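Asker: Shown below is the structure under consideration.
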Amino acid sequence: VANLAAFLTRSYSPPVSTIEDVIARQMNICAHPVLADDIKLTHPKANFVFNQEGKELYGLVDDYDAKKCEVMAVGKMDSLGDLKLIDLFCARDLVFTDSLVMENPVGFPIRSDLASGFSYWMYQGEKYHDIDVQILREEYNEEFQRQPSCNVLLSEQSSDENSEYAKIDVANLFLPFMFFVVFAVVGALLQLYYRCAVKQKESESQTRAFLWATNLLGSHSTLNLRGSSRKKIKTL
């Protein structure tokens, strides 16, 4: 089993995302004293701070609170199973990056005569049944509802924001809502203009028909009157 030591940084932007960025900025890195020899050999130019109080990973948090370091190098496998420690990370807006600080091989405490068989079944479980320590821990946490108060993985936070299944808030709906309102108002105005234009055309058509009918009837009446007048004159 390999315990991958990633480093923790603040979640708000702009976060430091790689160990190379930390070294380039000459930031102090809190790390476990057990890793001192290997981690200094891997990154000789980095500024590491090792807690000597024997508080394990909680000692790194104390050093971070004391402003002795800006980031922490801790193992994901060691810390993700400790909900109390993860809640401390959440309270300080700390997240795991994907930048690998070092790889530390570790093993299970098992008798030597059982080691080969145990390794074989671990390999079979991972290859053919998708069973490993990480998956079993996640299933255990889900079954017993052991969930931290926040998501401490920066990569999952970024993917959640870009996912099509991400939660939609008011800010996401503002632009579509304004788009709908503007076009609804424009559509209503165009419909009103169309109705007014139709009514105006109908009114003009009725007026022309009335005038035409009036002129037609008036011309007949005039001819009849003239004819009647002529007849009366001849009779006289």
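Chain labels run A, B, ... following the order of the structure tokens; each chain numbers its residues from 1, and ligands are numbered from 1 in the order shown.
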Using only C-alpha atoms, which residues sit within 10 Å of Glu20 of chain A once same-chain residues fewer than 3 positions away are excluded, as a compact mmCIF listing (two decimals) with N, CA and C atoms, in the first residue's frame?
Answerer:
# COMPACT_ATOMS: atom_id res chain seq x y z
N VAL A 16 -2.76 27.68 -4.07
CA VAL A 16 -1.49 27.14 -4.55
C VAL A 16 -1.75 25.68 -4.88
N SER A 17 -1.54 25.29 -6.12
CA SER A 17 -2.00 23.98 -6.56
C SER A 17 -0.90 22.94 -6.71
N ILE A 23 7.39 25.77 -3.38
CA ILE A 23 8.84 25.93 -3.28
C ILE A 23 9.28 27.23 -3.93
N ALA A 24 8.67 27.56 -5.10
CA ALA A 24 9.05 28.79 -5.79
C ALA A 24 8.71 30.02 -4.95
N ARG A 25 7.64 29.97 -4.19
CA ARG A 25 7.24 31.11 -3.34
C ARG A 25 7.91 31.08 -1.97
N GLN A 26 8.73 30.05 -1.74
CA GLN A 26 9.46 29.91 -0.48
C GLN A 26 8.51 29.89 0.72
N HIS A 43 12.63 16.83 -1.83
CA HIS A 43 12.52 18.27 -2.14
C HIS A 43 13.55 19.03 -1.30
N ALA A 46 12.87 22.86 -0.46
CA ALA A 46 11.64 23.26 0.22
C ALA A 46 11.94 23.60 1.68
N SER A 99 -1.36 17.57 -6.11
CA SER A 99 0.09 17.59 -6.24
C SER A 99 0.72 16.60 -5.26
N VAL A 101 3.53 15.14 -3.05
CA VAL A 101 4.76 15.56 -2.39
C VAL A 101 5.77 14.41 -2.38
Asker: Residues at most 8 Å from segment 27-36 of chain A, counting only C-alpha atoms, excluding those fewer than 3 positions away in the same chain, as a list in words?
Answerer: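 Final neighbour list, sorted by chain and number: Val22, Ile23, Ala24, Ile39, Lys40, Ala46, Asn47, Phe48, Val49, Phe50, Asn51, Gln52, Glu56, Leu57, Leu60, Asp63, Tyr64, Lys68, Cys69, Glu70, Val71, Met72, Ala73 and Val74 of chain A.
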Asker: Just the selected residues (N, CA and C atoms), exported as a compact mmCIF listing (two decimals), in the first residue's frame, please.
Answerer:
# COMPACT_ATOMS: atom_id res chain seq x y z
N VAL A 22 4.75 26.09 -4.28
CA VAL A 22 5.08 26.34 -2.88
C VAL A 22 6.58 26.60 -2.72
N ILE A 23 7.39 25.77 -3.38
CA ILE A 23 8.84 25.93 -3.28
C ILE A 23 9.28 27.23 -3.93
N ALA A 24 8.67 27.56 -5.10
CA ALA A 24 9.05 28.79 -5.79
C ALA A 24 8.71 30.02 -4.95
N ILE A 39 11.37 13.18 2.83
CA ILE A 39 10.75 14.33 2.19
C ILE A 39 11.77 15.42 1.90
N LYS A 40 12.78 15.57 2.78
CA LYS A 40 13.83 16.54 2.51
C LYS A 40 14.74 16.08 1.38
N ALA A 46 12.87 22.86 -0.46
CA ALA A 46 11.64 23.26 0.22
C ALA A 46 11.94 23.60 1.68
N ASN A 47 11.07 24.46 2.24
CA ASN A 47 11.20 24.87 3.65
C ASN A 47 10.20 24.09 4.49
N PHE A 48 10.67 23.02 5.12
CA PHE A 48 9.79 22.16 5.91
C PHE A 48 9.88 22.51 7.40
N VAL A 49 8.72 22.39 8.06
CA VAL A 49 8.63 22.59 9.51
C VAL A 49 8.08 21.29 10.10
N PHE A 50 8.84 20.65 11.00
CA PHE A 50 8.45 19.37 11.57
C PHE A 50 8.07 19.56 13.04
N ASN A 51 6.86 19.13 13.37
CA ASN A 51 6.39 19.24 14.74
C ASN A 51 7.05 18.17 15.61
N GLN A 52 7.58 18.58 16.74
CA GLN A 52 8.31 17.67 17.62
C GLN A 52 7.56 17.38 18.92
N GLU A 56 1.21 13.87 16.40
CA GLU A 56 0.88 13.34 15.08
C GLU A 56 0.40 14.46 14.15
N LEU A 57 -0.67 14.22 13.40
CA LEU A 57 -1.16 15.22 12.45
C LEU A 57 -1.79 16.43 13.14
N LEU A 60 0.58 19.22 13.42
CA LEU A 60 0.73 20.04 12.21
C LEU A 60 -0.32 21.15 12.19
N ASP A 63 0.82 23.86 14.50
CA ASP A 63 1.87 24.68 13.88
C ASP A 63 1.28 25.61 12.83
N TYR A 64 0.28 25.12 12.12
CA TYR A 64 -0.37 25.97 11.11
C TYR A 64 -1.09 27.13 11.78
N LYS A 68 3.40 29.02 11.72
CA LYS A 68 4.73 28.50 11.42
C LYS A 68 4.84 28.02 9.97
N CYS A 69 3.70 27.81 9.34
CA CYS A 69 3.70 27.36 7.95
C CYS A 69 2.44 27.85 7.25
N GLU A 70 2.50 27.87 5.91
CA GLU A 70 1.35 28.29 5.10
C GLU A 70 0.58 27.11 4.51
N VAL A 71 1.26 25.98 4.34
CA VAL A 71 0.62 24.77 3.81
C VAL A 71 1.10 23.58 4.65
N MET A 72 0.40 22.44 4.48
CA MET A 72 0.77 21.23 5.20
C MET A 72 0.90 20.07 4.24
N ALA A 73 1.88 19.22 4.49
CA ALA A 73 2.07 17.99 3.71
C ALA A 73 1.64 16.81 4.57
N VAL A 74 0.50 16.21 4.25
CA VAL A 74 -0.03 15.10 5.04
C VAL A 74 -0.49 13.99 4.10
Asker: Which parts of segment 54-185 of chain A does DSSP call helix (DSSP H, G or I) when run on the backbone here, written out as an MDAnalysis selection string?
Answerer: chainID A and resid 57:65 76:79 83:91 112:128 133:143 154:162 170:185
Asker: To test your reading of the structure, identify every residue in segment 6-219 of chain A that backbone DSSP assigns to strand (DSSP E or B), and report it as a VMD selection string.
Answerer: chain A and resid 6 to 10 28 to 31 47 to 50 71 to 75 94 to 105 153
Asker: Determine the nearest neighbour of Lys76 of chain A from the options A:Val198, A:Val152, A:Gly59, A:Asp37, counting only C-alpha atoms.
Answerer: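 So, comparing all the options, the nearest one is A:Val152.
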